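Shown below: run-v1.cif, with mmCIF, C-alpha atoms.
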```cif
data_data
loop_
_atom_site.label_atom_id
_atom_site.label_comp_id
_atom_site.auth_asym_id
_atom_site.auth_seq_id
_atom_site.Cartn_x
_atom_site.Cartn_y
_atom_site.Cartn_z
CA MET I 1 0.00 0.00 0.00
CA PRO I 2 1.38 3.43 -0.87
CA ALA I 3 1.83 6.07 1.80
CA TYR I 4 -0.70 8.90 1.91
CA ASP I 5 2.04 11.52 1.73
CA GLU I 6 3.52 9.96 -1.41
CA VAL I 7 0.25 9.69 -3.36
CA ALA I 8 -0.67 12.54 -5.69
CA VAL I 9 -4.01 13.37 -7.22
CA GLY I 10 -4.02 11.85 -10.70
CA ALA I 11 -1.97 8.79 -9.68
CA GLU I 12 -3.15 5.71 -11.55
CA LEU I 13 -3.65 2.32 -9.93
CA PRO I 14 -2.56 -0.79 -11.85
CA VAL I 15 -5.00 -1.59 -14.70
CA GLN I 16 -7.06 -4.79 -14.33
CA ARG I 17 -8.10 -6.87 -17.35
CA LEU I 18 -10.43 -9.83 -17.49
CA GLN I 19 -12.05 -12.08 -20.07
CA VAL I 20 -15.61 -12.82 -18.95
CA ARG I 21 -17.01 -16.04 -20.40
CA ARG I 22 -20.41 -17.69 -20.07
CA SER I 23 -18.95 -20.21 -17.64
CA ASP I 24 -17.86 -17.34 -15.36
CA LEU I 25 -21.46 -16.10 -15.21
CA ILE I 26 -22.76 -19.57 -14.35
CA ARG I 27 -20.21 -19.85 -11.55
CA TYR I 28 -21.06 -16.35 -10.27
CA ALA I 29 -24.79 -17.12 -10.35
CA GLY I 30 -24.21 -20.15 -8.13
CA ALA I 31 -21.95 -18.36 -5.67
CA SER I 32 -24.04 -15.19 -5.36
CA GLY I 33 -27.53 -16.67 -5.56
CA ASP I 34 -28.47 -14.37 -8.47
CA PHE I 35 -30.03 -16.77 -10.98
CA ASN I 36 -31.73 -14.11 -13.12
CA VAL I 37 -32.19 -15.85 -16.47
CA ILE I 38 -30.78 -12.95 -18.54
CA HIS I 39 -27.34 -13.86 -17.15
CA TRP I 40 -27.25 -17.34 -18.67
CA ASN I 41 -30.04 -17.86 -21.21
CA GLU I 42 -29.66 -16.24 -24.63
CA ARG I 43 -33.26 -16.94 -25.66
CA VAL I 44 -34.70 -15.07 -22.68
CA ALA I 45 -32.10 -12.28 -22.87
CA THR I 46 -32.90 -11.51 -26.50
CA ASP I 47 -36.65 -11.84 -25.81
CA VAL I 48 -36.44 -8.90 -23.36
CA GLY I 49 -34.53 -6.80 -25.86
CA LEU I 50 -30.92 -7.39 -24.85
CA PRO I 51 -28.32 -8.06 -27.58
CA ASN I 52 -27.29 -11.29 -25.80
CA VAL I 53 -26.64 -12.71 -22.33
CA ILE I 54 -25.23 -9.98 -20.04
CA ALA I 55 -22.97 -10.19 -17.01
CA HIS I 56 -24.36 -9.56 -13.53
CA GLY I 57 -23.73 -5.93 -12.60
CA MET I 58 -22.44 -7.14 -9.26
CA PHE I 59 -19.92 -9.37 -11.06
CA THR I 60 -18.48 -6.28 -12.76
CA MET I 61 -18.52 -4.43 -9.44
CA ALA I 62 -16.73 -7.34 -7.74
CA PHE I 63 -14.05 -7.49 -10.43
CA ALA I 64 -13.54 -3.71 -10.37
CA ALA I 65 -13.00 -3.90 -6.60
CA ARG I 66 -9.84 -5.87 -7.22
CA ALA I 67 -8.18 -2.70 -8.57
CA LEU I 68 -8.67 -1.35 -5.04
CA THR I 69 -7.98 -4.41 -2.90
CA ASP I 70 -4.84 -5.34 -4.88
CA TRP I 71 -3.54 -1.80 -4.31
CA LEU I 72 -4.32 -1.81 -0.59
CA ASP I 73 -2.57 -4.34 1.63
CA ASP I 74 -5.78 -5.12 3.46
CA PRO I 75 -9.42 -4.75 2.30
CA ARG I 76 -10.25 -3.27 5.74
CA ASP I 77 -8.91 0.00 4.33
CA LEU I 78 -11.72 0.10 1.77
CA LEU I 79 -14.25 2.34 3.52
CA GLU I 80 -16.83 3.07 0.85
CA TYR I 81 -17.41 1.74 -2.67
CA ALA I 82 -20.16 2.75 -5.09
CA VAL I 83 -21.01 2.28 -8.77
CA ARG I 84 -23.77 3.05 -11.22
CA PHE I 85 -24.46 0.38 -13.84
CA SER I 86 -24.62 2.45 -17.02
CA ALA I 87 -24.42 -0.19 -19.77
CA PRO I 88 -24.57 -3.98 -19.84
CA VAL I 89 -21.51 -6.20 -20.34
CA VAL I 90 -22.60 -8.42 -23.24
CA VAL I 91 -21.08 -11.90 -23.07
CA PRO I 92 -21.18 -13.86 -26.36
CA ASP I 93 -21.28 -17.65 -26.43
CA ASP I 94 -17.71 -18.22 -27.60
CA ASP I 95 -14.32 -19.06 -26.10
CA LYS I 96 -13.25 -15.42 -25.80
CA GLY I 97 -16.26 -13.91 -24.07
CA ALA I 98 -16.24 -10.19 -23.22
CA THR I 99 -13.24 -8.11 -22.26
CA LEU I 100 -13.41 -5.97 -19.13
CA VAL I 101 -10.79 -3.27 -18.46
CA ILE I 102 -10.78 -1.48 -15.11
CA LYS I 103 -8.88 1.76 -14.53
CA ALA I 104 -8.71 3.60 -11.22
CA THR I 105 -7.28 7.03 -10.45
CA VAL I 106 -6.70 8.98 -7.24
CA ALA I 107 -9.17 11.85 -7.59
CA GLU I 108 -8.95 13.67 -4.27
CA LYS I 109 -6.99 13.63 -1.04
CA LEU I 110 -9.20 13.72 2.04
CA ASP I 111 -8.56 14.16 5.76
CA GLY I 112 -7.55 11.25 7.97
CA ASN I 113 -5.10 9.69 5.45
CA GLN I 114 -8.03 8.91 3.16
CA VAL I 115 -8.23 9.36 -0.61
CA ARG I 116 -11.09 9.23 -3.04
CA VAL I 117 -10.48 6.98 -6.04
CA THR I 118 -12.58 7.09 -9.21
CA LEU I 119 -12.94 3.99 -11.39
CA THR I 120 -13.90 3.28 -14.96
CA ALA I 121 -14.88 -0.06 -16.50
CA GLU I 122 -14.83 -0.61 -20.24
CA THR I 123 -16.10 -3.50 -22.28
CA ASP I 124 -15.18 -3.51 -25.97
CA GLY I 125 -14.34 0.19 -25.71
CA ARG I 126 -17.63 1.14 -24.08
CA HIS I 127 -18.06 2.33 -20.50
CA CYS I 128 -20.24 0.03 -18.41
CA LEU I 129 -19.91 1.76 -15.02
CA ALA I 130 -20.53 5.43 -14.26
CA ARG I 131 -19.90 7.51 -11.15
CA ALA I 132 -17.82 4.67 -9.73
CA TYR I 133 -15.74 5.69 -6.75
CA ALA I 134 -14.22 4.45 -3.54
CA VAL I 135 -12.91 6.01 -0.35
CA VAL I 136 -9.81 4.23 0.94
CA ARG I 137 -7.47 4.73 3.90
CA LEU I 138 -3.73 4.81 3.29
CA ARG I 139 -0.94 4.63 5.85
CA MET O 1 -48.62 0.81 -11.80
CA PRO O 2 -46.46 3.16 -9.72
CA LEU O 3 -44.79 1.74 -6.63
CA ASN O 4 -46.50 2.28 -3.29
CA ARG O 5 -44.65 5.21 -1.74
CA GLU O 6 -46.41 4.82 1.59
CA LEU O 7 -43.89 2.07 2.25
CA VAL O 8 -40.88 4.41 2.27
CA GLY O 9 -39.21 3.98 5.65
CA ARG O 10 -40.59 0.50 6.30
CA GLU O 11 -38.10 -1.98 7.75
CA TYR O 12 -37.89 -5.67 6.85
CA PRO O 13 -35.72 -7.48 9.41
CA CYS O 14 -34.34 -10.83 8.23
CA SER O 15 -36.03 -13.71 10.02
CA GLU O 16 -32.78 -15.38 11.06
CA PRO O 17 -29.09 -14.53 11.17
CA TYR O 18 -26.72 -15.43 8.33
CA GLU O 19 -23.77 -17.58 9.39
CA VAL O 20 -20.72 -16.87 7.24
CA SER O 21 -18.70 -19.97 6.37
CA ARG O 22 -15.11 -20.16 5.16
CA GLU O 23 -16.12 -22.33 2.21
CA LYS O 24 -18.85 -19.93 1.07
CA ILE O 25 -16.27 -17.14 1.08
CA ARG O 26 -13.93 -19.32 -0.99
CA ASP O 27 -16.74 -20.17 -3.43
CA PHE O 28 -17.46 -16.48 -3.87
CA ALA O 29 -13.77 -15.55 -4.26
CA ASP O 30 -13.44 -18.32 -6.85
CA ALA O 31 -16.49 -17.05 -8.74
CA ILE O 32 -15.02 -13.56 -9.03
CA GLY O 33 -11.59 -14.98 -9.87
CA ASP O 34 -9.85 -13.33 -6.94
CA ALA O 35 -6.84 -15.15 -5.46
CA ASN O 36 -6.25 -12.66 -2.61
CA PRO O 37 -4.79 -14.88 0.16
CA LEU O 38 -6.92 -13.12 2.79
CA TYR O 39 -9.99 -14.70 1.13
CA TRP O 40 -8.44 -18.18 0.92
CA SER O 41 -5.85 -18.80 3.60
CA LYS O 42 -6.66 -18.89 7.29
CA ASP O 43 -2.96 -18.46 8.06
CA ALA O 44 -2.68 -15.35 5.87
CA ALA O 45 -5.82 -13.91 7.46
CA ARG O 46 -4.54 -14.63 10.97
CA ALA O 47 -1.22 -12.99 10.15
CA ALA O 48 -3.21 -9.90 9.16
CA GLY O 49 -5.04 -9.92 12.50
CA TYR O 50 -8.29 -11.68 11.56
CA ALA O 51 -9.78 -14.71 13.29
CA ASP O 52 -10.35 -16.44 9.92
CA VAL O 53 -10.54 -15.68 6.19
CA ILE O 54 -12.33 -12.48 5.21
CA ALA O 55 -14.88 -11.96 2.46
CA PRO O 56 -14.41 -9.82 -0.68
CA PRO O 57 -16.05 -6.37 -0.52
CA THR O 58 -19.14 -7.28 -2.56
CA PHE O 59 -19.84 -10.54 -0.68
CA LEU O 60 -22.86 -9.05 1.10
CA THR O 61 -24.80 -9.36 -2.15
CA VAL O 62 -25.15 -13.00 -1.07
CA LEU O 63 -27.29 -11.86 1.88
CA GLN O 64 -29.45 -9.75 -0.39
CA PHE O 65 -30.32 -12.81 -2.45
CA ARG O 66 -30.52 -15.17 0.52
CA PHE O 67 -33.20 -13.01 2.15
CA ARG O 68 -34.81 -11.55 -0.96
CA GLY O 69 -38.03 -13.50 -0.38
CA GLU O 70 -38.70 -11.67 2.87
CA GLY O 71 -37.52 -8.19 1.88
CA PRO O 72 -39.25 -5.21 0.27
CA ILE O 73 -38.87 -6.55 -3.28
CA ALA O 74 -41.11 -9.50 -2.41
CA ASP O 75 -43.67 -7.39 -0.52
CA PRO O 76 -46.86 -7.51 -2.63
CA ALA O 77 -47.88 -4.17 -1.10
CA LEU O 78 -44.96 -2.48 -2.88
CA GLY O 79 -46.22 -3.56 -6.31
CA LEU O 80 -42.81 -4.18 -7.89
CA ASP O 81 -42.85 -6.26 -11.08
CA TYR O 82 -39.43 -7.93 -10.97
CA SER O 83 -39.43 -8.59 -14.71
CA ARG O 84 -39.25 -4.79 -15.23
CA VAL O 85 -36.32 -4.36 -12.86
CA VAL O 86 -32.70 -3.65 -13.64
CA HIS O 87 -29.97 -2.95 -11.08
CA GLY O 88 -29.15 0.75 -11.33
CA GLU O 89 -26.70 1.57 -8.57
CA GLN O 90 -24.95 -0.08 -5.65
CA ARG O 91 -23.07 1.48 -2.74
CA PHE O 92 -21.38 -0.11 0.27
CA VAL O 93 -20.26 1.72 3.40
CA TYR O 94 -17.86 -0.53 5.29
CA HIS O 95 -17.06 -0.60 8.98
CA ARG O 96 -15.00 -3.80 8.84
CA PRO O 97 -14.61 -6.80 6.52
CA VAL O 98 -16.91 -9.80 6.93
CA VAL O 99 -14.98 -12.65 8.61
CA ALA O 100 -15.72 -16.38 8.38
CA GLY O 101 -17.62 -17.33 11.52
CA ASP O 102 -19.52 -14.06 11.66
CA VAL O 103 -23.17 -14.37 12.60
CA LEU O 104 -24.72 -11.50 10.69
CA HIS O 105 -28.01 -9.84 11.50
CA ALA O 106 -29.47 -7.94 8.57
CA SER O 107 -32.43 -5.69 8.06
CA THR O 108 -33.57 -4.01 4.85
CA ALA O 109 -35.46 -0.73 4.67
CA ILE O 110 -37.06 1.15 1.81
CA GLU O 111 -34.97 4.31 1.71
CA GLU O 112 -36.44 6.21 -1.22
CA ILE O 113 -38.75 5.91 -4.23
CA ARG O 114 -38.61 8.59 -6.90
CA ASP O 115 -39.35 9.18 -10.56
CA ALA O 116 -36.67 9.35 -13.24
CA GLY O 117 -38.46 10.04 -16.49
CA HIS O 118 -40.77 7.10 -17.24
CA ASN O 119 -39.00 4.95 -14.66
CA GLU O 120 -39.04 4.80 -10.90
CA LEU O 121 -35.92 4.42 -8.79
CA LEU O 122 -36.29 2.29 -5.66
CA THR O 123 -33.45 2.58 -3.16
CA THR O 124 -33.17 0.05 -0.36
CA ARG O 125 -30.74 0.09 2.56
CA MET O 126 -29.51 -3.13 4.14
CA ASP O 127 -27.93 -2.74 7.57
CA VAL O 128 -25.67 -5.62 8.51
CA ALA O 129 -24.42 -6.06 12.08
CA SER O 130 -22.66 -8.71 14.13
CA ASN O 131 -22.70 -8.86 17.93
CA GLY O 132 -24.29 -5.45 18.00
CA GLY O 133 -21.53 -3.81 15.96
CA VAL O 134 -22.22 -2.44 12.49
CA VAL O 135 -20.37 -4.34 9.76
CA CYS O 136 -21.66 -2.72 6.59
CA THR O 137 -24.51 -0.74 5.10
CA ALA O 138 -25.48 -1.62 1.53
CA TYR O 139 -27.58 0.73 -0.61
CA SER O 140 -29.15 -0.74 -3.75
CA THR O 141 -31.02 1.25 -6.35
CA LEU O 142 -33.31 -0.71 -8.63
CA VAL O 143 -34.81 0.78 -11.79
CA SER O 144 -38.47 -0.10 -12.22
CA ARG O 145 -38.90 0.49 -15.94
CA GLY O 146 -41.93 2.37 -17.17
CA THR O 147 -43.84 2.52 -13.87
CA ALA O 148 -43.65 6.26 -13.14
CA SER O 149 -47.11 7.82 -13.00
CA GLY O 150 -46.34 9.67 -16.24
CA GLY O 151 -44.96 6.48 -17.77
CA ARG O 152 -46.56 3.74 -19.74
#
```
Write out the structure in this file as structure tokens.
Amino acid sequence: MPAYDEVAVGAELPVQRLQVRRSDLIRYAGASGDFNVIHWNERVATDVGLPNVIAHGMFTMAFAARALTDWLDDPRDLLEYAVRFSAPVVVPDDDKGATLVIKATVAEKLDGNQVRVTLTAETDGRHCLARAYAVVRLR
Amino acid sequence: MPLNRELVGREYPCSEPYEVSREKIRDFADAIGDANPLYWSKDAARAAGYADVIAPPTFLTVLQFRFRGEGPIADPALGLDYSRVVHGEQRFVYHRPVVAGDVLHASTAIEEIRDAGHNELLTTRMDVASNGGVVCTAYSTLVSRGTASGGR
């Protein structure tokens, strides 16, 4: 974990990349308890107007959190974490799946050794999270 | 049909506590592809000062689904048609990580219902505590498509 005094506004956290495949969504459905059909059944997803099966928003949020928890030594220093789901992550039925790229930047230094970090998530060049931010405590 | 705004402020306590197991945490960490040793290794977690492995930050979504049948979403008085719902926003305010062995007491309240164009935004707040101490507060905003009074 970097020291508060050594972190500047604009500092970028390591970029996170992930391939999301159908099998990842099945596994996430089982672990989370979210069995909404649009996350695994193409017929139902397209019936309700989606281009294809989409990832759980909370799966994207969970993956994006890794940009924070890998940067911090201990997740206890993650104090607040919020996202808005602005576009779906469409996951085709092939071996490649969808690509998810997470970027996080120190946006503001706060009192009490805390900083505000803003995050972006892109899938195939399109933003899928908006107003994503976290408040973390540094040493 | 618009949602029933008389229910804003109503609390829905979960009928029983949720017991957090080490293996459920590992299942969840596996599902999000996160190899952080604090989620997997009791020794690593102990070295960091925890009694057992800790859960990833979004783990509390498990409680939201575990108790969904007794929360506001399932309350027929609210009038929410789940087939019209998409997840709009999520926010967690953390007091400490969830640790395997925690016995969590959760309660969900309807925080706010408001219009956004043709849609309504329903925000719920889940308070999660263990042994009287607050662990986390989770705010979820669901978009109820087309149910605003001016909507179709």
Next on the checklist: Selection in question (the file shown): the PyMOL selection byres ((chain O) within 8 of (chain I)). Which residues does it include, as a PyMOL selection string?
Outcome noted: chain O and resi 24+27-28+31-34+36+48+56-59+61-62+65-66+87-97
Checklist entry - List as a list in words: which residues have an atom within 12 Å of (-10.3, -12.0, -26.3), counting all atoms listed in the file? => result Arg17, Leu18, Gln19, Val20, Arg21, Val91, Pro92, Asp94, Asp95, Lys96, Gly97, Ala98, Thr99, Leu100, Val101, Thr123 and Asp124 of chain I
Assuming the chain letters and numbering stay as they are in my file, what does the PyMOL selection byres ((chain O and resi 78) around 7) actually select? List them as a PDB file with C-alpha atoms, in the coordinates of the input.
```
ATOM      1  CA  LEU O   3     -44.790   1.740  -6.630  1.00  0.00           C
ATOM      2  CA  ASN O   4     -46.500   2.280  -3.290  1.00  0.00           C
ATOM      3  CA  LEU O   7     -43.890   2.070   2.250  1.00  0.00           C
ATOM      4  CA  ASP O  75     -43.670  -7.390  -0.520  1.00  0.00           C
ATOM      5  CA  PRO O  76     -46.860  -7.510  -2.630  1.00  0.00           C
ATOM      6  CA  ALA O  77     -47.880  -4.170  -1.100  1.00  0.00           C
ATOM      7  CA  GLY O  79     -46.220  -3.560  -6.310  1.00  0.00           C
ATOM      8  CA  LEU O  80     -42.810  -4.180  -7.890  1.00  0.00           C
TER       9      LEU O  80
END
```
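For the atom pair formed by CA of Asp47 (chain I) and CA of Ser83 (chain O), the distance is 11.9 Å, given to one decimal.
Across the model, the gap from CA of Pro14 (chain I) to CA of Asp52 (chain O) is 27.9 Å.
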Checklist entry - For this file, the PyMOL selection byres ((chain I and resi 12) around 12) selects which residues, as a ChimeraX atom specification? => result /I:2,7-11,13-16,67-68,71,102-107,117-120
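Residues surrounding Ala51 (chain O) within 9 Å are Lys42, Ala45, Arg46, Val99, Ala100 and Gly101 of chain O [only C-alpha atoms; sequence separation below 4 positions excluded].
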How would the residues just chosen look if you wrote them out with C-alpha atoms as a PDB file, in the coordinates of the input?
```pdb
ATOM      1  CA  LYS O  42      -6.660 -18.890   7.290  1.00  0.00           C
ATOM      2  CA  ALA O  45      -5.820 -13.910   7.460  1.00  0.00           C
ATOM      3  CA  ARG O  46      -4.540 -14.630  10.970  1.00  0.00           C
ATOM      4  CA  VAL O  99     -14.980 -12.650   8.610  1.00  0.00           C
ATOM      5  CA  ALA O 100     -15.720 -16.380   8.380  1.00  0.00           C
ATOM      6  CA  GLY O 101     -17.620 -17.330  11.520  1.00  0.00           C
TER       7      GLY O 101
END
```
Checklist outcome for this item: Of O:Ser41, O:Asn131, O:Asn119, O:Thr124, the one sitting nearest His105 (chain O) when using all atoms listed in the file is O:Asn131
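Here CA of Gly132 (chain O) and CA of Cys14 (chain O) stand 15.0 Å from one another.
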Checklist entry - Around (-29.4, -0.1, -2.4) in the file's frame, which residues reach within 6 Å when counting all atoms listed in the file? Return as a VMD selection string? => result chain O and resid 90 123 to 125 138 to 141
Just need the box for region 92-100 of chain O, edges along x, y and z, holding every atom the file lists for it with 4 Å tacked onto each side, so centre and edge lengths in Å to one decimal, as JSON.
```
{"center_x": -18.0, "center_y": -7.3, "center_z": 4.6, "size_x": 14.8, "size_y": 26.1, "size_z": 16.7}
```
Checklist entry - With all atoms listed in the file as the basis for distance, which of I:Leu138, I:Val37, I:Leu50, I:Cys128 is at the shortest distance from Val89 (chain I)? => result I:Cys128
Checklist entry - Within 6 Å of Glu42 (chain I), counting only C-alpha atoms, which residues qualify if same-chain residues fewer than 3 places away don't, as number ranges by chain? => result I: 45, 52-53
Checklist entry - O:Val85, O:Val8, O:Ala55, O:Ile110: which is nearest Ala35 (chain O), counting only C-alpha atoms? => result O:Ala55
